[in-house]
Number of protein chains: 6
Amino acid sequence: MGIHTYFQSLTDLERIIRCPGKFKFQEHSVAEHSWKVVQYAKTLADIEESHGVLVNWKKLYEITSSHDYGEIFIGDIKTPVKHYSLELRAMLQQVEEGMVAHFIDGHIPEEFKPIFRRQLREGKDDSVEGRILEVADKLDQIYEAFAELQKGNTEKEFVFMYRSALIKIKGIQLHCVDYFLEQILPDLVSEGSRSPIDIEQITKDALAS
Amino acid sequence: MGIHTYFQSLTDLERIIRCPGKFKFQEHSVAEHSWKVVQYAKTLADIEESHGVLVNWKKLYEITSSHDYGEIFIGDIKTPVKHYSLELRAMLQQVEEGMVAHFIDGHIPEEFKPIFRRQLREGKDDSVEGRILEVADKLDQIYEAFAELQKGNTEKEFVFMYRSALIKIKGIQLHCVDYFLEQILPDLVSEGSRSPIDIEQITKDALAS
Amino acid sequence: MGIHTYFQSLTDLERIIRCPGKFKFQEHSVAEHSWKVVQYAKTLADIEESHGVLVNWKKLYEITSSHDYGEIFIGDIKTPVKHYSLELRAMLQQVEEGMVAHFIDGHIPEEFKPIFRRQLREGKDDSVEGRILEVADKLDQIYEAFAELQKGNTEKEFVFMYRSALIKIKGIQLHCVDYFLEQILPDLVSEGSRSPIDIEQITKDALAS
Amino acid sequence: MGIHTYFQSLTDLERIIRCPGKFKFQEHSVAEHSWKVVQYAKTLADIEESHGVLVNWKKLYEITSSHDYGEIFIGDIKTPVKHYSLELRAMLQQVEEGMVAHFIDGHIPEEFKPIFRRQLREGKDDSVEGRILEVADKLDQIYEAFAELQKGNTEKEFVFMYRSALIKIKGIQLHCVDYFLEQILPDLVSEGSRSPIDIEQITKDALAS
Amino acid sequence: MGIHTYFQSLTDLERIIRCPGKFKFQEHSVAEHSWKVVQYAKTLADIEESHGVLVNWKKLYEITSSHDYGEIFIGDIKTPVKHYSLELRAMLQQVEEGMVAHFIDGHIPEEFKPIFRRQLREGKDDSVEGRILEVADKLDQIYEAFAELQKGNTEKEFVFMYRSALIKIKGIQLHCVDYFLEQILPDLVSEGSRSPIDIEQITKDALAS
Amino acid sequence: MGIHTYFQSLTDLERIIRCPGKFKFQEHSVAEHSWKVVQYAKTLADIEESHGVLVNWKKLYEITSSHDYGEIFIGDIKTPVKHYSLELRAMLQQVEEGMVAHFIDGHIPEEFKPIFRRQLREGKDDSVEGRILEVADKLDQIYEAFAELQKGNTEKEFVFMYRSALIKIKGIQLHCVDYFLEQILPDLVSEGSRSPIDIEQITKDALAS
């Protein structure tokens with residue numbers, strides 16, 4: 001039924017809550033997460049540019065804004081499930097891609113199909129833009145987990161989320177990663193110093209691992 | 001570390017919302033759904049007994065109360081995903097079982113392991129109790145979808161949920177299914193007569209399909 | 001109008017919130033509480049059976065799953081009200097029973113009336129099953145109050161709830177009570193050690209009282 | 001320990017939801033209801049004064065603002081329970097008064113005790129102010145039920161609430177009741193004309209009963 | 001179209017949340033805040049009367065119950081905006097008054113227009129009643145901010161709210177202010193002693209400033 | 001203190017709800033709205049490009065993702081207030097810009113200040129990108145209002161929102177506006193045909209005005 005179906009579907013991501021099942025002081029929808037990722041990526045790309053790196057802003061726009069669109073079809077499957085086995089992970093990825101392809105075939109007008117196929121693919125490739133997306137996505141995981149730890153949430157999942165995102169980020173080669181580790185992370189850690197949970201130690205352990 | 005871990009985990013099912021992503025006038029947690037399934041199954045089993053069928057209440061208790069416990073580990077994966085392919089479905093089932101097994105191995109004391117392995121397995125087998133569970137589970141899908149249709153929710157997913165649950169139920173050989181189709185369903189349909197959506201027609205089509 | 005009215009009424013217990021009026025980090029509906037009671041009771045009964053006690057699973061199923069159904073008619077009346085005077089308590093019990101009886105008379109088909117009268121009565125009698133239900137009900141009170149204390153909720157009502165449930169449980173003669181006090185409670189207390197509230201001391205006081 | 005305890009307790013009425021158990025498109029806390037009653041009563045008293053009736057504003061202030069304070073102790077007990085028997089109703093009233101008295105004895109400083117005893121008593125007596133409070137209280141019941149009926153809520157309880165409040169109001173001798181029936185109610189009914197529920201007919205029936 | 005429009009509009013204040021944007025453990029609607037202000041003002045006026053001050057209860061009723069009605073038209077504009085410049089503040093005040101006047105002109109029947117113009121004006125003048133309203137309004141700001149600080153909310157805005165309300169109150173000449181500072185505030189501060197935030201120090205600083 | 005302050009502030013837009021005060025079946029945060037605007041703008045820009053128009057994607061990225069960031073400081077001021085007078089509107093705009101400038105001065109490191117000044121300015125200028133942003137912003141207003149009208153929400157504000165957004169859009173010279181009016185709007189209108197509100201007529205009136 002055309003672009004209308006696509007536009008109308010966007011609101012569904014306002015009703016998928018991240019990290020389902022665990023107690024949270026504050027909930028975040030996938031739409032809210034997606035917007036924050038768009039925002040982080042913008043500043044991360046600015047940092048890259050300031051080091052002379054060429055950024056393709058059109059590509060960055062497309063992959064960051066749409067990076068979780070596929071969750072409309074499969075929901076926010078729990079991370080441990082996604083990482084259960086390489087085989088399952090590949091199959092879930094394939095299902096998501098199949099459902100997105102099926103949606104494009106059935107709803108998107110012919111002239112836009114190639115555009116949507118490009119936009120709604122998995123964007124985390126090895127390009128500068130793909131790596132910026134990866135960092136931005138993990139950055140939101142850090143901020144969401146940090147806000148819970150800071151308020152004294154004792155669910156171990158948030159320690160795991162914080163720690164694994166930090167480990168992922170520090171392994172990515174980008175100027176903005178250096179900037180984050182040196183200029184942003186210390187501010188964040190120092191703000192968490194009144195928490196009953198030792199965020200500084202968790203951070204040190206993750207960076208040393 | 002022991003039964004405490006199991007008891008404490010139950011509250012996680014209060015925070016997994018059924019049918020994520022779609023607009024709903026009323027949300028239901030998996031814990032709430034589970035309780036309603038326990039209740040329906042009790043009356044369905046009473047109907048079977050009144051026809052002279054022997055019901056194993058201990059088994060019924062175990063499989064109805066725990067039937068969605070595995071969602072603690074994998075979340076409420078969207079139905080279309082589950083039915084994407086037989087291969088994926090089998091693999092997801094295997095993941096869920098693997099994670100439940102891993103939980104039992106790591107947390108349940110030795111003397112209770114056999115009990116938990118029996119209780120937390122998939123309960124929808126061909127026994128009377130397994131079939132009652134299947135009917136009770138689908139019955140709640142009917143009630144949840146009906147309440148949305150009755151209030152004028154135009155999301156097609158609720159027509160699909162209502163219709164597919166009805167088709168599933170009518171194919172199961174049980175006295176309580178006859179009772180439901182003859183004594184309960186007509187009351188429900190007549191109550192939906194003021195809805196802007198033609199629930200009666202949807203019902204007729206499903207029963208005739 | 002028949003069993004439909006009963007089935008449809010179950011969803012009302014999803015909208016009655018336990019412990020109304022007090023600030024809570026996490027809310028629980030009566031339906032969610034009821035499901036957790038069903039689950040605890042199952043494991044408590046397994047413990048009894050492992051000590052050679054005979055459990056009537058049909059009775060246990062009936063009384064645990066329906067034990068708060070009457071709240072559909074009277075709501076979650078505050079505990080201090082219930083305990084205001086023996087006379088008032090008896091009268092409230094009588095009202096609840098009267099409204100349940102009135103519901104059965106008006107809505108349940110003739111052939112099921114005896115079954116529903118048995119199922120929807122007060123189940124906390126002196127039988128093994130009645131005592132297991134009492135323990136399971138108080139166990140959920142402990143877990144709900146503990147989760148608030150652990151997060152630093154300073155409402156005195158949660159100390160009172162935790163303490164009074166513990167005192168009630170320790171006075172009940174069951175193998176599963178011994179198991180709870182020896183194997184489960186220490187794990188729970190040790191998990192609460194980071195709370196600004198001294199849960200260990202409250203526990204000791206309650207056990208010594 | 002003093003007035004602080006009283007001031008701090010007020011926030012508890014923000015967490016008691018009116019009409020628990022039934023599906024509602026919009027929830028109202030007892031605090032919100034109380035504020036609307038204060039507002040209605042003000043205009044109703046203005047109407048009385050414009051007919052030359054003398055209004056004691058201090059008394060009106062005291063009884064409208066505090067009229068549901070006792071629900072802090074007993075919660076929002078369901079209306080059918082309150083009306084179950086005259087005996088029970090009297091006893092519940094007595095419990096509420098007893099708990100309020102107990103609160104005043106234990107927390108309010110000596111010099112304010114007489115003031116609080118006067119303010120926190122049941123205010124719906126036969127005085128002009130007592131009758132205005134009764135009308136204002138029922139007026140909010142009408143507005144809350146009307147808003148549900150207008151949106152197509154098919155729960156019978158809202159028809160009952162709307163109807164019984166209207167019947168109660170029309171039996172009270174006040175100029176403002178005439179004004180309400182002649183000048184306000186017709187506007188309200190005409191606004192409900194697009195609802196799938198025949199609000200006009202329900203209104204006519206109630207006024208004729 | 002008449003008083004109905006006014007009565008019906010009241011419910012809009014149930015959906016305007018105070019202090020938007022900042023993380024809060026507990027939200028408060030403007031309607032709930034308004035009710036608490038009515039309640040505080042009552043006791044504050046009782047204290048004034050006990051010192052022989054004459055209170056105009058009709059005026060107090062009118063200005064406390066309606067003091068935030070104008071937010072129906074302009075929303076809960078953030079405090080820093082209101083205080084950005086005297087010019088902006090005056091203009092926003094003027095807009096609010098213009099919209100209230102426009103509402104009265106268009107909806108309130110001729111005979112009530114003078115009454116509504118008096119009631120819906122800004123009530124915080126230099127009269128005893130105006131000063132009591134100012135204290136009551138700030139008192140709720142203290143209680144709302146205190147409840148967040150006590151639970152460990154680290155948003156600086158709540159320290160600012162608590163502190164600025166305290167400074168405002170202590171500058172107002174009323175017997176009830178003395179009573180609050182001497183009899184109520186110490187109880188509140190001592191209750192906050194377990195918070196990770198040093199409420200006592202913040203209080204001392206504010207009182208000394 | 002640096003970029004951390006900026007990143008952390010983003011979550012505040014998850015807690016500012018659009019269209020405060022009015023009854024809504026579904027709430028939307030400013031963060032969710034912002035993400036949908038980013039998404040619409042992407043497809044609108046694709047349409048422009050398909051007609052040979054040159055789009056500056058970096059600029060589009062910056063102005064769409066940040067277009068409501070200023071609401072962190074001033075909240076979601078009600079539309080009627082914004083449009084009360086040209087003078088007030090200019091002054092509010094000036095306040096917002098002043099607060100954004102103050103934030104940048106106080107928190108953003110020297111080397112990023114020029115970038116943030118460019119990104120956080122008002123983006124709705126006469127450029128292609130500025131006009132696309134205007135259309136995307138109004139498009140979300142249409143979708144949000146439509147979803148309410150479709151469910152039978154009788155608040156007049158949603159008719160006003162739907163209508164005024166449509167009128168605004170049709171006055172903007174862009175290929176994507178033609179596409180929207182010819183290809184997307186008819187699908188939307190036809191989907192609203194079962195609503196009790198005559199969306200088709202409202203649409204026709206708006207397009208003809």
# chains A, B, ... in the order shown; residues from 1 in each chain; ligands from 1

call {"tool": "interface_residues", "arguments": {"of": "chain B", "to": "chain C", "cutoff": "8 Å", "atoms": "only C-alpha atoms", "output": "PyMOL selection string"}}
result
chain B and resi 1-4+7-8+10-11+14+28+31-32+34-36+38-40+42+57-58+61-62+65-66+143+183-185+187-188

call {"tool": "select_by_dssp", "arguments": {"residues": "stretch 1-170 of chain D", "states": "helix (DSSP H, G or I)", "output": "PyMOL selection string"}}
result
chain D and resi 3-14+30-50+57-65+71-74+79-82+86-107+110-119+128-150+156-170

call {"tool": "residues_around", "arguments": {"residues": "F:Glu122", "least_positions_apart": "2", "cutoff": "8 Å", "atoms": "only C-alpha atoms", "output": "list in words"}}
result
Ile63, His67, Leu120, Lys124 and Asp125 of chain F

call {"tool": "write_last_selection", "arguments": {"atoms": "C-alpha atoms", "output": "PDB file, in the first residue's frame"}}
result
ATOM      1  CA  ILE F  63      18.858  20.058  11.252  1.00  0.00           C
ATOM      2  CA  HIS F  67      15.393  20.325  15.465  1.00  0.00           C
ATOM      3  CA  LEU F 120      21.499  23.649  17.243  1.00  0.00           C
ATOM      4  CA  LYS F 124      13.540  25.668   9.085  1.00  0.00           C
ATOM      5  CA  ASP F 125      15.004  28.129   6.596  1.00  0.00           C
TER       6      ASP F 125
END

call {"tool": "residues_around", "arguments": {"residues": "stretch 167-175 of chain B", "least_positions_apart": "2", "cutoff": "9 Å", "atoms": "only C-alpha atoms", "output": "VMD selection string"}}
result
chain B and resid 44 47 to 48 51 128 131 to 132 134 to 135 138 to 139 162 to 165 177 to 181 206 to 209

call {"tool": "residues_around", "arguments": {"residues": "D:Glu87", "least_positions_apart": "5", "cutoff": "12 Å", "atoms": "only C-alpha atoms", "output": "list in words"}}
result
Glu87, Leu88, Met91, Leu92 and Val95 of chain C; Val81, Lys82, Leu92, Gln93 and Gln94 of chain D

call {"tool": "closest_residue", "arguments": {"among": "A:Gly98, A:Gly123, A:Pro196, A:Pro109", "to": "A:Ile74", "atoms": "only C-alpha atoms"}}
result
A:Gly98

call {"tool": "residues_around", "arguments": {"residues": "F:Ile199", "least_positions_apart": "3", "cutoff": "10 Å", "atoms": "only C-alpha atoms", "output": "MDAnalysis selection string"}}
result
chainID F and resid 146 149:150 159 162:163 188:196 202:205

call {"tool": "residues_around", "arguments": {"residues": "F:Glu157", "least_positions_apart": "3", "cutoff": "8 Å", "atoms": "only C-alpha atoms", "output": "short mmCIF file (atom, residue, chain, number, x, y, z; two decimals) with N, CA, C and O atoms, in the first residue's frame"}}
result
data_model
loop_
_atom_site.label_atom_id
_atom_site.label_comp_id
_atom_site.auth_asym_id
_atom_site.auth_seq_id
_atom_site.Cartn_x
_atom_site.Cartn_y
_atom_site.Cartn_z
N LYS F 22 -4.05 17.24 26.81
CA LYS F 22 -5.19 16.66 26.10
C LYS F 22 -5.20 15.14 26.24
O LYS F 22 -4.14 14.51 26.26
N PHE F 160 -7.74 20.19 14.82
CA PHE F 160 -6.96 21.39 14.54
C PHE F 160 -5.53 21.06 14.10
O PHE F 160 -5.01 21.60 13.13
N MET F 161 -4.91 20.12 14.85
CA MET F 161 -3.53 19.73 14.52
C MET F 161 -3.44 19.12 13.12
O MET F 161 -2.54 19.45 12.34
#
